[in-house]
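Listing of protein27.cif; format and content: mmCIF, N, CA and C atoms.
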data_my_file
loop_
_atom_site.label_atom_id
_atom_site.label_comp_id
_atom_site.auth_asym_id
_atom_site.auth_seq_id
_atom_site.Cartn_x
_atom_site.Cartn_y
_atom_site.Cartn_z
N MET A 1 18.29 -9.08 -12.43
CA MET A 1 16.94 -9.28 -11.95
C MET A 1 15.96 -8.58 -12.90
N ILE A 2 14.84 -9.23 -13.13
CA ILE A 2 13.79 -8.65 -13.98
C ILE A 2 12.73 -8.02 -13.07
N VAL A 3 12.44 -6.76 -13.33
CA VAL A 3 11.47 -5.99 -12.56
C VAL A 3 10.33 -5.59 -13.49
N ARG A 4 9.11 -5.80 -13.05
CA ARG A 4 7.93 -5.35 -13.81
C ARG A 4 7.33 -4.14 -13.11
N ILE A 5 7.10 -3.10 -13.89
CA ILE A 5 6.31 -1.96 -13.41
C ILE A 5 4.92 -2.16 -14.00
N MET A 6 3.96 -2.33 -13.12
CA MET A 6 2.61 -2.64 -13.59
C MET A 6 2.13 -1.57 -14.57
N GLY A 7 1.60 -2.01 -15.68
CA GLY A 7 1.07 -1.11 -16.70
C GLY A 7 2.12 -0.55 -17.64
N GLU A 8 3.40 -0.85 -17.42
CA GLU A 8 4.46 -0.30 -18.26
C GLU A 8 5.28 -1.37 -18.98
N GLY A 9 5.70 -2.38 -18.26
CA GLY A 9 6.54 -3.41 -18.87
C GLY A 9 7.64 -3.85 -17.93
N GLN A 10 8.63 -4.53 -18.51
CA GLN A 10 9.70 -5.12 -17.72
C GLN A 10 11.03 -4.41 -17.97
N VAL A 11 11.87 -4.44 -16.92
CA VAL A 11 13.18 -3.80 -16.96
C VAL A 11 14.17 -4.79 -16.37
N LYS A 12 15.34 -4.91 -17.00
CA LYS A 12 16.42 -5.73 -16.44
C LYS A 12 17.29 -4.81 -15.59
N LEU A 13 17.52 -5.21 -14.35
CA LEU A 13 18.20 -4.36 -13.40
C LEU A 13 19.31 -5.16 -12.73
N ALA A 14 20.52 -4.58 -12.68
CA ALA A 14 21.65 -5.23 -12.02
C ALA A 14 21.44 -5.22 -10.51
N ASP A 15 21.85 -6.29 -9.85
CA ASP A 15 21.68 -6.41 -8.41
C ASP A 15 22.41 -5.30 -7.65
N GLY A 16 23.45 -4.74 -8.22
CA GLY A 16 24.21 -3.69 -7.55
C GLY A 16 23.43 -2.43 -7.27
N HIS A 17 22.27 -2.28 -7.85
CA HIS A 17 21.46 -1.07 -7.66
C HIS A 17 20.49 -1.17 -6.48
N PHE A 18 20.47 -2.31 -5.82
CA PHE A 18 19.45 -2.49 -4.79
C PHE A 18 19.67 -1.66 -3.54
N THR A 19 20.89 -1.22 -3.28
CA THR A 19 21.11 -0.35 -2.11
C THR A 19 20.32 0.94 -2.27
N GLU A 20 20.44 1.56 -3.44
CA GLU A 20 19.70 2.80 -3.72
C GLU A 20 18.20 2.57 -3.69
N LEU A 21 17.76 1.47 -4.29
CA LEU A 21 16.32 1.18 -4.35
C LEU A 21 15.77 0.83 -2.97
N ASN A 22 16.57 0.13 -2.14
CA ASN A 22 16.12 -0.21 -0.79
C ASN A 22 15.89 1.04 0.05
N LYS A 23 16.72 2.05 -0.11
CA LYS A 23 16.55 3.32 0.62
C LYS A 23 15.20 3.95 0.27
N LEU A 24 14.90 4.00 -1.03
CA LEU A 24 13.61 4.56 -1.46
C LEU A 24 12.46 3.70 -0.95
N ASP A 25 12.64 2.39 -0.97
CA ASP A 25 11.61 1.48 -0.48
C ASP A 25 11.35 1.69 1.01
N ASP A 26 12.42 1.87 1.79
CA ASP A 26 12.27 2.14 3.22
C ASP A 26 11.51 3.44 3.44
N ASP A 27 11.85 4.47 2.66
CA ASP A 27 11.15 5.76 2.77
C ASP A 27 9.67 5.60 2.43
N LEU A 28 9.40 4.85 1.37
CA LEU A 28 8.01 4.62 0.95
C LEU A 28 7.22 3.92 2.04
N LEU A 29 7.81 2.91 2.65
CA LEU A 29 7.14 2.18 3.72
C LEU A 29 6.84 3.10 4.91
N ALA A 30 7.81 3.94 5.29
CA ALA A 30 7.60 4.87 6.40
C ALA A 30 6.48 5.86 6.09
N GLN A 31 6.43 6.37 4.87
CA GLN A 31 5.39 7.32 4.49
C GLN A 31 4.02 6.65 4.47
N MET A 32 3.99 5.40 4.04
CA MET A 32 2.72 4.68 4.05
C MET A 32 2.23 4.47 5.48
N GLU A 33 3.13 4.08 6.36
CA GLU A 33 2.76 3.85 7.75
C GLU A 33 2.26 5.14 8.42
N ALA A 34 2.83 6.28 8.00
CA ALA A 34 2.44 7.57 8.56
C ALA A 34 1.20 8.14 7.86
N GLY A 35 0.77 7.51 6.76
CA GLY A 35 -0.37 8.04 6.01
C GLY A 35 -0.04 9.30 5.25
N ASP A 36 1.23 9.50 4.93
CA ASP A 36 1.72 10.69 4.24
C ASP A 36 1.52 10.53 2.73
N GLU A 37 0.36 10.92 2.24
CA GLU A 37 0.00 10.74 0.83
C GLU A 37 0.97 11.49 -0.10
N ASP A 38 1.31 12.74 0.24
CA ASP A 38 2.22 13.52 -0.62
C ASP A 38 3.61 12.89 -0.66
N GLY A 39 4.13 12.49 0.49
CA GLY A 39 5.43 11.83 0.54
C GLY A 39 5.41 10.51 -0.19
N PHE A 40 4.33 9.76 -0.04
CA PHE A 40 4.16 8.49 -0.74
C PHE A 40 4.22 8.70 -2.25
N ARG A 41 3.48 9.67 -2.77
CA ARG A 41 3.45 9.97 -4.21
C ARG A 41 4.84 10.30 -4.72
N ARG A 42 5.52 11.19 -3.98
CA ARG A 42 6.87 11.64 -4.36
C ARG A 42 7.85 10.46 -4.38
N THR A 43 7.82 9.65 -3.33
CA THR A 43 8.78 8.55 -3.22
C THR A 43 8.47 7.42 -4.20
N LEU A 44 7.20 7.13 -4.41
CA LEU A 44 6.85 6.12 -5.41
C LEU A 44 7.36 6.56 -6.78
N GLY A 45 7.16 7.83 -7.12
CA GLY A 45 7.67 8.35 -8.39
C GLY A 45 9.18 8.24 -8.48
N ALA A 46 9.88 8.55 -7.37
CA ALA A 46 11.34 8.47 -7.36
C ALA A 46 11.81 7.02 -7.50
N LEU A 47 11.12 6.09 -6.86
CA LEU A 47 11.47 4.67 -6.96
C LEU A 47 11.30 4.17 -8.40
N LEU A 48 10.17 4.48 -9.00
CA LEU A 48 9.93 4.06 -10.38
C LEU A 48 10.91 4.73 -11.34
N ASP A 49 11.19 6.00 -11.13
CA ASP A 49 12.16 6.71 -11.97
C ASP A 49 13.54 6.07 -11.86
N ALA A 50 13.94 5.68 -10.64
CA ALA A 50 15.24 5.05 -10.44
C ALA A 50 15.31 3.71 -11.18
N VAL A 51 14.25 2.92 -11.12
CA VAL A 51 14.24 1.64 -11.83
C VAL A 51 14.36 1.89 -13.34
N ARG A 52 13.63 2.86 -13.84
CA ARG A 52 13.70 3.17 -15.28
C ARG A 52 15.10 3.67 -15.67
N ARG A 53 15.68 4.51 -14.83
CA ARG A 53 16.99 5.11 -15.12
C ARG A 53 18.11 4.08 -15.03
N LEU A 54 18.07 3.22 -14.03
CA LEU A 54 19.15 2.27 -13.79
C LEU A 54 19.02 0.98 -14.58
N GLY A 55 17.80 0.68 -15.03
CA GLY A 55 17.56 -0.58 -15.72
C GLY A 55 17.54 -0.43 -17.23
N THR A 56 17.48 -1.58 -17.87
CA THR A 56 17.38 -1.65 -19.33
C THR A 56 16.03 -2.24 -19.68
N PRO A 57 15.19 -1.47 -20.40
CA PRO A 57 13.86 -2.00 -20.74
C PRO A 57 13.97 -3.25 -21.63
N LEU A 58 13.13 -4.21 -21.35
CA LEU A 58 13.04 -5.39 -22.21
C LEU A 58 12.07 -5.07 -23.34
N PRO A 59 12.26 -5.71 -24.49
CA PRO A 59 11.32 -5.48 -25.60
C PRO A 59 9.89 -5.82 -25.17
N ASP A 60 8.94 -5.12 -25.77
CA ASP A 60 7.53 -5.33 -25.43
C ASP A 60 7.08 -6.78 -25.63
N ASP A 61 7.69 -7.48 -26.60
CA ASP A 61 7.27 -8.86 -26.86
C ASP A 61 7.99 -9.86 -25.97
N ALA A 62 8.94 -9.41 -25.15
CA ALA A 62 9.63 -10.31 -24.21
C ALA A 62 8.71 -10.59 -23.04
N LEU A 63 8.69 -11.82 -22.61
CA LEU A 63 7.86 -12.20 -21.47
C LEU A 63 8.70 -13.06 -20.53
N GLU A 64 9.50 -12.39 -19.72
CA GLU A 64 10.38 -13.05 -18.76
C GLU A 64 9.66 -13.11 -17.41
N PRO A 65 9.97 -14.11 -16.61
CA PRO A 65 9.40 -14.12 -15.25
C PRO A 65 9.94 -12.93 -14.46
N SER A 66 9.07 -12.18 -13.84
CA SER A 66 9.47 -11.01 -13.05
C SER A 66 9.78 -11.45 -11.63
N GLU A 67 10.95 -11.05 -11.15
CA GLU A 67 11.33 -11.38 -9.78
C GLU A 67 10.80 -10.34 -8.80
N LEU A 68 10.41 -9.20 -9.33
CA LEU A 68 9.91 -8.11 -8.51
C LEU A 68 8.85 -7.37 -9.31
N ILE A 69 7.72 -7.07 -8.68
CA ILE A 69 6.64 -6.34 -9.34
C ILE A 69 6.39 -5.06 -8.55
N LEU A 70 6.48 -3.94 -9.25
CA LEU A 70 6.24 -2.63 -8.64
C LEU A 70 4.91 -2.07 -9.12
N PRO A 71 4.26 -1.27 -8.30
CA PRO A 71 2.97 -0.70 -8.70
C PRO A 71 3.13 0.33 -9.80
N SER A 72 2.03 0.62 -10.46
CA SER A 72 2.02 1.67 -11.48
C SER A 72 2.16 3.03 -10.80
N PRO A 73 2.59 4.05 -11.55
CA PRO A 73 2.77 5.37 -10.95
C PRO A 73 1.49 5.96 -10.36
N ASP A 74 0.34 5.54 -10.85
CA ASP A 74 -0.92 6.11 -10.36
C ASP A 74 -1.59 5.23 -9.30
N ALA A 75 -0.87 4.22 -8.79
CA ALA A 75 -1.44 3.36 -7.75
C ALA A 75 -1.72 4.17 -6.49
N SER A 76 -2.79 3.83 -5.84
CA SER A 76 -3.14 4.54 -4.60
C SER A 76 -2.34 3.99 -3.42
N LEU A 77 -2.31 4.75 -2.36
CA LEU A 77 -1.63 4.32 -1.15
C LEU A 77 -2.22 2.99 -0.67
N ASP A 78 -3.53 2.84 -0.70
CA ASP A 78 -4.17 1.60 -0.27
C ASP A 78 -3.82 0.43 -1.18
N GLU A 79 -3.75 0.66 -2.48
CA GLU A 79 -3.37 -0.41 -3.41
C GLU A 79 -1.95 -0.91 -3.13
N VAL A 80 -1.06 0.02 -2.85
CA VAL A 80 0.32 -0.36 -2.58
C VAL A 80 0.42 -1.06 -1.23
N ARG A 81 -0.37 -0.63 -0.27
CA ARG A 81 -0.40 -1.33 1.03
C ARG A 81 -0.72 -2.80 0.85
N GLU A 82 -1.65 -3.09 -0.04
CA GLU A 82 -2.04 -4.47 -0.30
C GLU A 82 -0.90 -5.28 -0.92
N MET A 83 -0.03 -4.61 -1.70
CA MET A 83 1.09 -5.30 -2.35
C MET A 83 2.23 -5.60 -1.39
N LEU A 84 2.33 -4.83 -0.33
CA LEU A 84 3.47 -4.91 0.57
C LEU A 84 3.39 -6.09 1.52
N SER A 85 4.54 -6.63 1.77
CA SER A 85 4.69 -7.53 2.92
C SER A 85 5.48 -6.73 3.94
N ASP A 86 5.89 -7.33 5.00
CA ASP A 86 6.67 -6.63 6.02
C ASP A 86 8.02 -6.17 5.49
N ASP A 87 8.46 -6.74 4.37
CA ASP A 87 9.77 -6.42 3.82
C ASP A 87 9.74 -5.25 2.84
N GLY A 88 8.58 -4.73 2.50
CA GLY A 88 8.50 -3.66 1.51
C GLY A 88 8.42 -4.22 0.10
N LEU A 89 8.58 -3.36 -0.87
CA LEU A 89 8.49 -3.77 -2.27
C LEU A 89 9.78 -4.41 -2.75
N ILE A 90 10.91 -3.93 -2.26
CA ILE A 90 12.22 -4.42 -2.69
C ILE A 90 12.72 -5.40 -1.65
N PRO A 91 12.96 -6.67 -2.03
CA PRO A 91 13.46 -7.62 -1.04
C PRO A 91 14.84 -7.22 -0.55
N GLY A 92 15.05 -7.29 0.74
CA GLY A 92 16.31 -6.89 1.34
C GLY A 92 17.27 -8.00 1.29
#

Spell out the structure here as structure tokens.
Amino acid sequence: MIVRIMGEGQVKLADGHFTELNKLDDDLLAQMEAGDEDGFRRTLGALLDAVRRLGTPLPDDALEPSELILPSPDASLDEVREMLSDDGLIPG
């Protein structure tokens, strides 16, 4: 799966990593619903770090269709709320 981190680029990620990413996504959704800005910041950073760590960056000149788009590390809680559907950022 190709994942885009807004403002950074694309990463190729094996489907086997989605269990770990879904856990972080569930935590992020709960923190957003609770209005927990500090928890949101921490978990968003952990989610993006996991994608970077587990994935393989695509070259800057590669332009593949992204199956998943994640917010930039500096996205606000409200900006991420707008990106979310009921399923969160990571499709289950």

message: Can you pull out every residue from range 6-61 of chain A that DSSP, working from the backbone, puts in helix (DSSP H, G or I), and format the result as number ranges by chain?
response: A: 15-34, 37-54

- prompt: Gly7 in chain A: which residues within 7 Å, counting only N, CA and C atoms, same-chain residues fewer than 3 positions away excluded, as a PyMOL selection string?
  reply: chain A and resi 4+71-72

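Listed by chain and then by number, the residues chosen by the PyMOL selection byres ((chain A and resi 57) around 6) in this file are Gln10, Val11, Lys12, Gly55, Thr56, Leu58 and Pro59 of chain A.
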
Restricted to N, CA and C atoms, what would the selected residues look like written as a short mmCIF file (atom, residue, chain, number, x, y, z; two decimals), keeping the file's coordinate frame?
data_model
loop_
_atom_site.label_atom_id
_atom_site.label_comp_id
_atom_site.auth_asym_id
_atom_site.auth_seq_id
_atom_site.Cartn_x
_atom_site.Cartn_y
_atom_site.Cartn_z
N GLN A 10 8.63 -4.53 -18.51
CA GLN A 10 9.70 -5.12 -17.72
C GLN A 10 11.03 -4.41 -17.97
N VAL A 11 11.87 -4.44 -16.92
CA VAL A 11 13.18 -3.80 -16.96
C VAL A 11 14.17 -4.79 -16.37
N LYS A 12 15.34 -4.91 -17.00
CA LYS A 12 16.42 -5.73 -16.44
C LYS A 12 17.29 -4.81 -15.59
N GLY A 55 17.80 0.68 -15.03
CA GLY A 55 17.56 -0.58 -15.72
C GLY A 55 17.54 -0.43 -17.23
N THR A 56 17.48 -1.58 -17.87
CA THR A 56 17.38 -1.65 -19.33
C THR A 56 16.03 -2.24 -19.68
N LEU A 58 13.13 -4.21 -21.35
CA LEU A 58 13.04 -5.39 -22.21
C LEU A 58 12.07 -5.07 -23.34
N PRO A 59 12.26 -5.71 -24.49
CA PRO A 59 11.32 -5.48 -25.60
C PRO A 59 9.89 -5.82 -25.17
#

task: Evaluate the PyMOL selection byres (((chain A and resi 48 and name CA) around 12) and name CA) and record the selected residues as an MDAnalysis selection string, following the chain and residue labels used in the document.
output: chainID A and resid 3:6 8:11 20:21 24:25 28 41:47 49:55 69:75 89:90

Test item: which residues lie within 9 Å of (-2.9, 6.9, -3.8) counting only C-alpha atoms, as number ranges by chain: A: 37-38, 40-41, 74-80

- request: Step one, run DSSP on the backbone; step two, keep only residues of chain A assigned to strand (DSSP E or B); then write them as an MDAnalysis selection string.
  value: chainID A and resid 2:5 9:12 56:57 68:70 85 88

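Picture a line from CA of Phe18 in chain A to CA of Glu67 in chain A; it runs 13.0 Å.
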
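In this structure, atom N of Asp27 in chain A sits 14.5 Å away from atom C of Met83 in chain A.
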
Report as JSON the centre and the edge lengths, in Å to one decimal, of the axis-aligned box holding every listed atom of range 68-86 of chain A, padded by 8 Å on each side.
{"center_x": 3.1, "center_y": -1.5, "center_z": -2.8, "size_x": 30.6, "size_y": 31.3, "size_z": 33.6}

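Taking atom N of Ala14 in chain A and atom C of Glu82 in chain A as endpoints, the distance between them is 24.4 Å.
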